[in-house]
Each structure stands twice: as C-alpha cells, then as structure tokens.
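Trainee: One file: entry-v9.csv (CSV, C-alpha atoms).
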```csv
chain,number,residue,atom,x,y,z
A,248,MET,CA,3.0,-102.9,85.3
A,249,ASP,CA,4.4,-100.2,83.1
A,250,GLY,CA,1.8,-101.1,80.6
A,251,MET,CA,-1.0,-100.7,83.1
A,252,ALA,CA,0.4,-97.3,84.2
A,253,GLU,CA,0.3,-96.2,80.6
A,254,VAL,CA,-3.3,-97.2,80.3
A,255,LEU,CA,-4.2,-95.4,83.4
A,256,ALA,CA,-2.3,-92.3,82.3
A,257,HIS,CA,-4.0,-92.5,79.0
A,258,ASP,CA,-7.4,-92.7,80.7
A,259,ARG,CA,-6.6,-89.7,82.8
A,260,ASP,CA,-5.9,-87.7,79.6
A,261,ALA,CA,-9.2,-88.8,78.0
A,262,PRO,CA,-11.3,-85.9,79.4
A,263,ALA,CA,-8.7,-83.4,78.1
A,264,ARG,CA,-8.7,-85.0,74.7
A,265,ARG,CA,-12.5,-85.0,74.6
A,266,ARG,CA,-12.5,-81.3,75.5
A,267,ARG,CA,-10.0,-80.6,72.8
A,268,TRP,CA,-12.1,-82.5,70.3
A,269,ALA,CA,-15.2,-80.7,71.5
A,270,ARG,CA,-13.5,-77.5,70.5
A,271,ILE,CA,-12.0,-78.8,67.2
A,272,VAL,CA,-15.1,-80.5,65.8
A,273,PRO,CA,-17.4,-77.4,65.8
A,274,ALA,CA,-14.6,-75.2,64.5
A,275,ALA,CA,-13.9,-77.7,61.7
A,276,ALA,CA,-17.7,-78.0,61.1
A,277,LEU,CA,-17.7,-74.2,60.5
A,278,ALA,CA,-14.3,-73.9,58.7
A,279,LEU,CA,-14.7,-76.8,56.2
A,280,PRO,CA,-18.0,-75.5,54.6
A,281,LEU,CA,-16.6,-71.9,54.6
A,282,PHE,CA,-13.5,-73.2,52.8
A,283,MET,CA,-15.6,-75.2,50.3
A,284,LEU,CA,-17.8,-72.1,49.8
A,285,GLY,CA,-14.7,-70.0,49.1
A,286,VAL,CA,-13.2,-72.5,46.6
A,287,SER,CA,-16.5,-72.9,44.8
A,288,SER,CA,-17.0,-69.2,44.7
A,289,TRP,CA,-13.6,-68.7,43.2
A,290,ILE,CA,-14.2,-71.4,40.6
A,291,ALA,CA,-17.6,-69.8,39.7
A,292,TRP,CA,-16.0,-66.3,39.5
A,293,ARG,CA,-13.3,-67.6,37.1
A,294,SER,CA,-15.9,-69.3,35.0
A,295,ALA,CA,-18.1,-66.2,34.9
A,296,TRP,CA,-15.1,-64.1,33.8
A,297,ARG,CA,-14.2,-66.7,31.1
A,298,GLN,CA,-17.8,-66.7,29.8
A,299,ALA,CA,-18.0,-62.8,29.9
A,300,SER,CA,-14.7,-62.6,28.0
A,301,ALA,CA,-16.0,-65.0,25.4
A,302,GLU,CA,-19.2,-63.0,25.0
A,303,VAL,CA,-17.3,-59.7,24.7
A,304,VAL,CA,-15.1,-61.2,21.9
A,305,GLN,CA,-18.2,-62.6,20.2
A,306,THR,CA,-20.1,-59.3,20.4
A,307,ALA,CA,-17.0,-57.4,19.2
A,308,GLU,CA,-16.7,-59.7,16.2
A,309,ALA,CA,-20.4,-59.4,15.4
A,310,ALA,CA,-20.1,-55.6,15.7
A,311,ALA,CA,-17.1,-55.5,13.5
A,312,GLU,CA,-18.8,-57.6,10.9
A,313,TYR,CA,-21.9,-55.4,11.0
A,314,ALA,CA,-19.7,-52.2,10.7
A,315,ALA,CA,-17.9,-53.7,7.7
A,316,ARG,CA,-21.3,-54.4,6.0
A,317,VAL,CA,-22.6,-50.9,6.8
A,318,LEU,CA,-19.4,-49.3,5.5
A,319,SER,CA,-19.6,-51.5,2.4
A,320,GLY,CA,-23.1,-50.3,1.8
A,321,TYR,CA,-22.0,-46.7,2.2
A,322,ALA,CA,-19.0,-47.3,-0.2
A,323,MET,CA,-21.5,-48.8,-2.7
A,324,ALA,CA,-23.7,-45.7,-2.4
A,325,VAL,CA,-20.7,-43.4,-2.9
A,326,GLY,CA,-19.7,-45.4,-5.9
A,327,ARG,CA,-23.2,-45.1,-7.4
A,328,ILE,CA,-23.2,-41.4,-6.8
A,329,ASN,CA,-19.8,-41.1,-8.4
A,330,ASP,CA,-21.0,-43.1,-11.4
A,331,LEU,CA,-24.0,-40.9,-11.8
A,332,VAL,CA,-22.0,-37.7,-12.1
A,333,ALA,CA,-19.0,-39.3,-13.9
A,334,GLY,CA,-18.1,-37.2,-17.0
A,335,TYR,CA,-20.0,-34.1,-15.8
A,336,THR,CA,-18.2,-30.9,-15.0
A,337,ASP,CA,-19.2,-28.8,-12.0
A,338,ALA,CA,-21.1,-26.4,-14.3
A,339,GLN,CA,-23.0,-29.3,-16.0
A,340,ILE,CA,-24.0,-30.7,-12.6
A,341,ARG,CA,-25.3,-27.3,-11.6
A,342,GLU,CA,-27.3,-27.0,-14.9
A,343,GLN,CA,-28.7,-30.5,-14.4
A,344,GLU,CA,-29.3,-30.3,-10.7
A,345,ALA,CA,-33.1,-31.1,-10.9
A,346,VAL,CA,-32.6,-34.2,-13.0
A,347,LEU,CA,-29.6,-35.4,-11.1
A,348,HIS,CA,-31.3,-34.7,-7.7
A,349,GLN,CA,-34.2,-36.9,-8.7
A,350,ALA,CA,-31.9,-39.6,-9.9
A,351,LEU,CA,-30.0,-39.5,-6.6
A,352,ARG,CA,-33.2,-39.7,-4.6
A,353,ARG,CA,-34.3,-42.8,-6.5
A,354,MET,CA,-30.8,-44.3,-6.1
A,355,ILE,CA,-30.6,-43.6,-2.3
A,356,ALA,CA,-34.1,-44.9,-1.7
A,357,ASP,CA,-32.7,-48.4,-2.6
A,358,LEU,CA,-29.9,-47.9,0.0
A,359,PRO,CA,-31.7,-47.3,3.4
A,360,GLN,CA,-28.4,-47.1,5.3
A,361,ALA,CA,-27.4,-44.0,3.2
A,362,GLU,CA,-29.3,-41.0,4.7
A,363,ALA,CA,-27.7,-38.2,2.7
A,364,GLY,CA,-25.5,-37.6,-0.3
A,365,PHE,CA,-23.6,-34.6,-1.6
A,366,VAL,CA,-21.4,-33.8,-4.5
A,367,PHE,CA,-18.9,-30.9,-3.9
A,368,ASP,CA,-17.1,-28.7,-6.4
A,369,ALA,CA,-13.3,-28.0,-6.3
A,370,GLU,CA,-13.9,-25.2,-3.7
A,371,GLY,CA,-15.8,-27.4,-1.3
A,372,THR,CA,-19.2,-26.0,-2.1
A,373,PRO,CA,-22.0,-28.6,-2.4
A,374,ILE,CA,-23.4,-28.6,-5.9
A,375,LEU,CA,-25.8,-31.6,-5.7
A,376,SER,CA,-27.7,-33.1,-2.8
A,377,VAL,CA,-29.9,-36.1,-2.2
A,378,ASN,CA,-32.0,-34.3,0.5
A,379,VAL,CA,-32.0,-30.6,-0.5
A,380,PHE,CA,-33.3,-29.1,-3.8
A,381,PRO,CA,-32.7,-26.5,-4.9
A,382,LEU,CA,-29.4,-26.6,-3.0
A,383,GLY,CA,-28.8,-22.8,-2.7
A,384,THR,CA,-25.6,-23.0,-0.8
A,385,ALA,CA,-23.9,-20.0,-2.2
A,386,GLY,CA,-21.0,-19.0,0.0
A,387,MET,CA,-21.2,-22.3,2.0
A,388,SER,CA,-17.9,-24.2,1.9
A,389,PHE,CA,-16.8,-27.5,3.3
A,390,MET,CA,-13.1,-27.0,2.5
A,391,ASP,CA,-12.2,-27.2,6.2
A,392,ARG,CA,-13.8,-30.6,6.7
A,393,ASP,CA,-11.4,-33.6,6.9
A,394,PHE,CA,-13.1,-35.5,4.1
A,395,PHE,CA,-12.6,-32.6,1.7
A,396,VAL,CA,-9.0,-31.8,2.8
A,397,ASP,CA,-7.9,-35.5,2.7
A,398,LEU,CA,-9.5,-36.1,-0.7
A,399,SER,CA,-8.0,-33.0,-2.2
A,400,ARG,CA,-4.4,-34.3,-1.6
A,401,ALA,CA,-2.5,-35.9,-4.4
A,402,ASP,CA,-2.2,-39.1,-2.3
A,403,ALA,CA,-5.9,-39.2,-1.5
A,404,PRO,CA,-7.4,-42.5,-0.3
A,405,ALA,CA,-9.8,-44.4,-2.5
A,406,LEU,CA,-12.4,-44.2,0.3
A,407,HIS,CA,-12.4,-41.8,3.2
A,408,VAL,CA,-14.2,-42.3,6.6
A,409,SER,CA,-14.4,-38.9,8.4
A,410,ARG,CA,-14.4,-38.1,12.0
A,411,VAL,CA,-17.8,-37.1,13.6
A,412,HIS,CA,-19.1,-33.8,12.4
A,413,ARG,CA,-22.2,-31.6,13.0
A,414,GLY,CA,-24.1,-30.8,9.8
A,415,ARG,CA,-24.0,-27.2,8.6
A,416,LEU,CA,-27.3,-27.6,6.7
A,417,ASP,CA,-29.4,-29.5,9.2
A,418,GLY,CA,-27.3,-29.6,12.5
A,419,ASP,CA,-27.4,-33.4,12.6
A,420,VAL,CA,-24.4,-35.4,13.8
A,421,PHE,CA,-22.8,-37.5,11.0
A,422,ILE,CA,-19.7,-39.2,9.6
A,423,ALA,CA,-18.9,-38.9,6.0
A,424,ILE,CA,-18.0,-41.8,3.8
A,425,SER,CA,-16.6,-40.1,0.7
A,426,ARG,CA,-14.6,-40.6,-2.4
A,427,ARG,CA,-12.9,-38.3,-4.9
A,428,ARG,CA,-15.0,-37.7,-8.0
A,429,GLY,CA,-14.0,-39.8,-11.0
A,430,VAL,CA,-13.0,-37.0,-13.2
A,431,PRO,CA,-9.6,-35.4,-12.2
A,432,GLY,CA,-9.8,-31.7,-11.6
A,433,ASP,CA,-13.6,-31.7,-10.9
```
Let me see the structure of the file written as structure tokens.
Mentor:
Amino acid sequence: MDGMAEVLAHDRDAPARRRRWARIVPAAALALPLFMLGVSSWIAWRSAWRQASAEVVQTAEAAAEYAARVLSGYAMAVGRINDLVAGYTDAQIREQEAVLHQALRRMIADLPQAEAGFVFDAEGTPILSVNVFPLGTAGMSFMDRDFFVDLSRADAPALHVSRVHRGRLDGDVFIAISRRRGVPGD
C-alpha cells in the first residue's frame, strides 16, 4: 500500500509541478535566446576588434612605407641640389643665381614631391631658390630655424627632418628636409 500512497501523493503534486513548469518554460524560452544573443554579440565584438586592430596595423605599415618613400624622394632632391652647387662658394652662387635657378627648376620638375628648394649661406640667408627669382632676401635670415641650427653643429646629421614651420616668404606650412652643403665652411 505504501507504493499506492506514493503514487497518489505524486499525483496530488502534479498540478503544482505543472504550474512550476508553466513558469519555468516561458522564462527559459526568453532567457536562452537572450543568453545566446549575448554570447554571439560578445564573439562578434571580439572579432570586430581583432579585425580593426589588424586593419590599423596594416594601415600604419602602409603609411610608414609611403612616408619612407616620400622622405627618400626628398633626400634625393636635396642630394641633387647639393650636387648642383658643389664646389661653388656663396659669392659664386649669388653671381650664377639665374643659371642655377633655371637648373634647379628643371631638376625639381622631375621630382613632383619636392615643392621648393633653397640654398642658404653661412648666415642663414637664402642665396638660391627653386621658386623665387631673383631671390632678393636681403636681411632675411633663417638662423633660428631648427634645420639651420642643427646643420650648423659640428655633429650635424647627414639628413635633417625639421619640425613644422610657417614659410617666411609665402606663409605656407612646411617641413624642411635638409642637408649640410658639401663644401665645409660654405
């Protein structure tokens, strides 16, 4: 009889169990998709961050490569300008300004990344320009510019990349890629 009593007691608890399940099933039906949505969102978020990080690295590498090529082009232009005036004193450059200016214009025309070019004397006065002829910069000095100061030192770098400046002749913003002239003391 004890077995029968358990069956009857079990049947009496059936409505309570059904009510409990009636509450649990809708809650689970709502909670399970929300949980799955949360997990899939977290996975998608992590994937998006990984992809964005990879794209940032790729873009930075491409920008660094492009910058290296641009700086290489500027260095080549500076080297060509230096070669053009090699062996000339400041006075000879001033005397030959018209001829040297035309030679610079033709040279820089082949290097579209180089927009301007100057040669300075020992006092920081421009004595030759790609863009301006006749130069006529009497009294104008660039001795205070970082490119002139750094290249005037005994331990001057082979190539100097300046900070951003505003041009005194045209007011344009620029950076200077510069090199000390080939002849010491000029």
Trainee: Please measure the separation of atom CA of A:Ile422 and atom CA of A:Glu342, giving the value in Å to one decimal.
Mentor: 28.4 Å
Trainee: Select, counting all atoms listed in the file, all protein, DNA and RNA residues no farther than 12 Å from (-31.4, -31.0, -3.2) in file coordinates, and express the selection as a list in words.
Mentor: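 Protein and nucleic acid residues near the point are Ile340, Arg341, Gln343, Glu344, Ala345, Val346, Leu347, His348, Gln349, Ala350, Leu351, Arg352, Ala363, Gly364, Phe365, Val366, Pro373, Ile374, Leu375, Ser376, Val377, Asn378, Val379, Phe380, Pro381, Leu382, Gly383, Thr384 and Leu416 of chain A.
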Trainee: Print the selection's residues with C-alpha atoms to a file, as an mmCIF file, in the coordinates of the input.
Mentor:
```
data_model
loop_
_atom_site.group_PDB
_atom_site.id
_atom_site.type_symbol
_atom_site.label_atom_id
_atom_site.label_comp_id
_atom_site.auth_asym_id
_atom_site.auth_seq_id
_atom_site.Cartn_x
_atom_site.Cartn_y
_atom_site.Cartn_z
ATOM 1 C CA ILE A 340 -24.000 -30.700 -12.600
ATOM 2 C CA ARG A 341 -25.300 -27.300 -11.600
ATOM 3 C CA GLN A 343 -28.700 -30.500 -14.400
ATOM 4 C CA GLU A 344 -29.300 -30.300 -10.700
ATOM 5 C CA ALA A 345 -33.100 -31.100 -10.900
ATOM 6 C CA VAL A 346 -32.600 -34.200 -13.000
ATOM 7 C CA LEU A 347 -29.600 -35.400 -11.100
ATOM 8 C CA HIS A 348 -31.300 -34.700 -7.700
ATOM 9 C CA GLN A 349 -34.200 -36.900 -8.700
ATOM 10 C CA ALA A 350 -31.900 -39.600 -9.900
ATOM 11 C CA LEU A 351 -30.000 -39.500 -6.600
ATOM 12 C CA ARG A 352 -33.200 -39.700 -4.600
ATOM 13 C CA ALA A 363 -27.700 -38.200 2.700
ATOM 14 C CA GLY A 364 -25.500 -37.600 -0.300
ATOM 15 C CA PHE A 365 -23.600 -34.600 -1.600
ATOM 16 C CA VAL A 366 -21.400 -33.800 -4.500
ATOM 17 C CA PRO A 373 -22.000 -28.600 -2.400
ATOM 18 C CA ILE A 374 -23.400 -28.600 -5.900
ATOM 19 C CA LEU A 375 -25.800 -31.600 -5.700
ATOM 20 C CA SER A 376 -27.700 -33.100 -2.800
ATOM 21 C CA VAL A 377 -29.900 -36.100 -2.200
ATOM 22 C CA ASN A 378 -32.000 -34.300 0.500
ATOM 23 C CA VAL A 379 -32.000 -30.600 -0.500
ATOM 24 C CA PHE A 380 -33.300 -29.100 -3.800
ATOM 25 C CA PRO A 381 -32.700 -26.500 -4.900
ATOM 26 C CA LEU A 382 -29.400 -26.600 -3.000
ATOM 27 C CA GLY A 383 -28.800 -22.800 -2.700
ATOM 28 C CA THR A 384 -25.600 -23.000 -0.800
ATOM 29 C CA LEU A 416 -27.300 -27.600 6.700
#
```
Trainee: Please report the interatomic distance between atom CA of A:Val408 and atom CA of A:Ala423 in Å with one decimal.
Mentor: 5.8 Å
Trainee: Kindly give the distance, in Å, that separates atom CA of A:Arg428 and atom CA of A:Asn329, rounded to a single decimal.
Mentor: 5.9 Å
Trainee: Please output stretch 389-400 of chain A, rebuilt to include all heavy atoms, as a compact mmCIF listing (two decimals), in the coordinates of the input.
Mentor:
```txt
# COMPACT_ATOMS: atom_id res chain seq x y z
N PHE A 389 -17.15 -26.37 2.44
CA PHE A 389 -16.80 -27.50 3.30
C PHE A 389 -15.27 -27.78 3.17
O PHE A 389 -14.83 -28.88 3.47
CB PHE A 389 -17.60 -28.72 2.98
CG PHE A 389 -19.04 -28.57 3.38
CD1 PHE A 389 -19.93 -27.89 2.56
CD2 PHE A 389 -19.50 -29.10 4.57
CE1 PHE A 389 -21.26 -27.74 2.93
CE2 PHE A 389 -20.82 -28.96 4.94
CZ PHE A 389 -21.71 -28.27 4.12
N MET A 390 -14.52 -26.79 2.71
CA MET A 390 -13.10 -27.00 2.50
C MET A 390 -12.35 -27.33 3.78
O MET A 390 -11.28 -27.94 3.73
CB MET A 390 -12.45 -25.72 1.89
CG MET A 390 -12.80 -25.51 0.44
SD MET A 390 -11.97 -24.07 -0.24
CE MET A 390 -10.40 -24.80 -0.67
N ASP A 391 -12.90 -26.96 4.93
CA ASP A 391 -12.20 -27.20 6.20
C ASP A 391 -12.50 -28.61 6.75
O ASP A 391 -11.85 -29.05 7.70
CB ASP A 391 -12.60 -26.17 7.22
CG ASP A 391 -14.10 -26.17 7.51
OD1 ASP A 391 -14.89 -26.48 6.60
OD2 ASP A 391 -14.48 -25.85 8.65
N ARG A 392 -13.43 -29.32 6.19
CA ARG A 392 -13.80 -30.60 6.70
C ARG A 392 -12.73 -31.66 6.29
O ARG A 392 -12.18 -31.60 5.20
CB ARG A 392 -15.17 -31.09 6.17
CG ARG A 392 -16.32 -30.19 6.60
CD ARG A 392 -16.61 -30.36 8.09
NE ARG A 392 -17.64 -29.46 8.54
CZ ARG A 392 -18.81 -29.84 9.04
NH1 ARG A 392 -19.08 -31.12 9.17
NH2 ARG A 392 -19.67 -28.95 9.42
N ASP A 393 -12.48 -32.60 7.18
CA ASP A 393 -11.40 -33.60 6.90
C ASP A 393 -11.64 -34.38 5.65
O ASP A 393 -10.69 -34.70 4.93
CB ASP A 393 -11.23 -34.50 8.13
CG ASP A 393 -12.45 -35.34 8.47
OD1 ASP A 393 -13.57 -34.96 8.08
OD2 ASP A 393 -12.29 -36.37 9.15
N PHE A 394 -12.89 -34.68 5.33
CA PHE A 394 -13.10 -35.50 4.10
C PHE A 394 -12.74 -34.68 2.87
O PHE A 394 -12.23 -35.26 1.92
CB PHE A 394 -14.59 -35.96 4.03
CG PHE A 394 -15.65 -34.90 4.16
CD1 PHE A 394 -16.09 -34.17 3.08
CD2 PHE A 394 -16.23 -34.67 5.41
CE1 PHE A 394 -17.08 -33.22 3.21
CE2 PHE A 394 -17.23 -33.72 5.55
CZ PHE A 394 -17.66 -32.98 4.46
N PHE A 395 -12.96 -33.37 2.87
CA PHE A 395 -12.60 -32.60 1.70
C PHE A 395 -11.07 -32.38 1.64
O PHE A 395 -10.45 -32.55 0.59
CB PHE A 395 -13.29 -31.21 1.71
CG PHE A 395 -13.08 -30.44 0.45
CD1 PHE A 395 -13.88 -30.69 -0.66
CD2 PHE A 395 -12.07 -29.51 0.34
CE1 PHE A 395 -13.67 -30.02 -1.85
CE2 PHE A 395 -11.86 -28.83 -0.85
CZ PHE A 395 -12.65 -29.09 -1.94
N VAL A 396 -10.47 -32.07 2.77
CA VAL A 396 -9.00 -31.80 2.80
C VAL A 396 -8.27 -33.11 2.40
O VAL A 396 -7.37 -33.06 1.55
CB VAL A 396 -8.59 -31.42 4.25
CG1 VAL A 396 -7.08 -31.40 4.39
CG2 VAL A 396 -9.17 -30.05 4.59
N ASP A 397 -8.64 -34.24 2.97
CA ASP A 397 -7.90 -35.50 2.70
C ASP A 397 -8.11 -35.93 1.23
O ASP A 397 -7.19 -36.47 0.62
CB ASP A 397 -8.37 -36.60 3.62
CG ASP A 397 -7.90 -36.37 5.05
OD1 ASP A 397 -7.06 -35.47 5.26
OD2 ASP A 397 -8.38 -37.08 5.95
N LEU A 398 -9.31 -35.72 0.67
CA LEU A 398 -9.50 -36.10 -0.70
C LEU A 398 -8.97 -35.14 -1.72
O LEU A 398 -8.88 -35.45 -2.92
CB LEU A 398 -11.03 -36.36 -0.96
CG LEU A 398 -11.62 -37.56 -0.24
CD1 LEU A 398 -13.13 -37.62 -0.40
CD2 LEU A 398 -10.97 -38.85 -0.70
N SER A 399 -8.57 -33.95 -1.27
CA SER A 399 -8.00 -33.00 -2.20
C SER A 399 -6.48 -33.21 -2.35
O SER A 399 -5.87 -32.65 -3.28
CB SER A 399 -8.17 -31.55 -1.59
OG SER A 399 -9.54 -31.24 -1.54
N ARG A 400 -5.87 -34.01 -1.48
CA ARG A 400 -4.40 -34.30 -1.60
C ARG A 400 -4.13 -35.17 -2.79
O ARG A 400 -4.99 -35.93 -3.25
CB ARG A 400 -3.94 -35.00 -0.31
CG ARG A 400 -4.04 -34.17 0.94
CD ARG A 400 -3.36 -34.83 2.13
NE ARG A 400 -3.33 -36.28 2.06
CZ ARG A 400 -3.86 -37.09 2.96
NH1 ARG A 400 -4.47 -36.60 4.01
NH2 ARG A 400 -3.78 -38.40 2.82
```
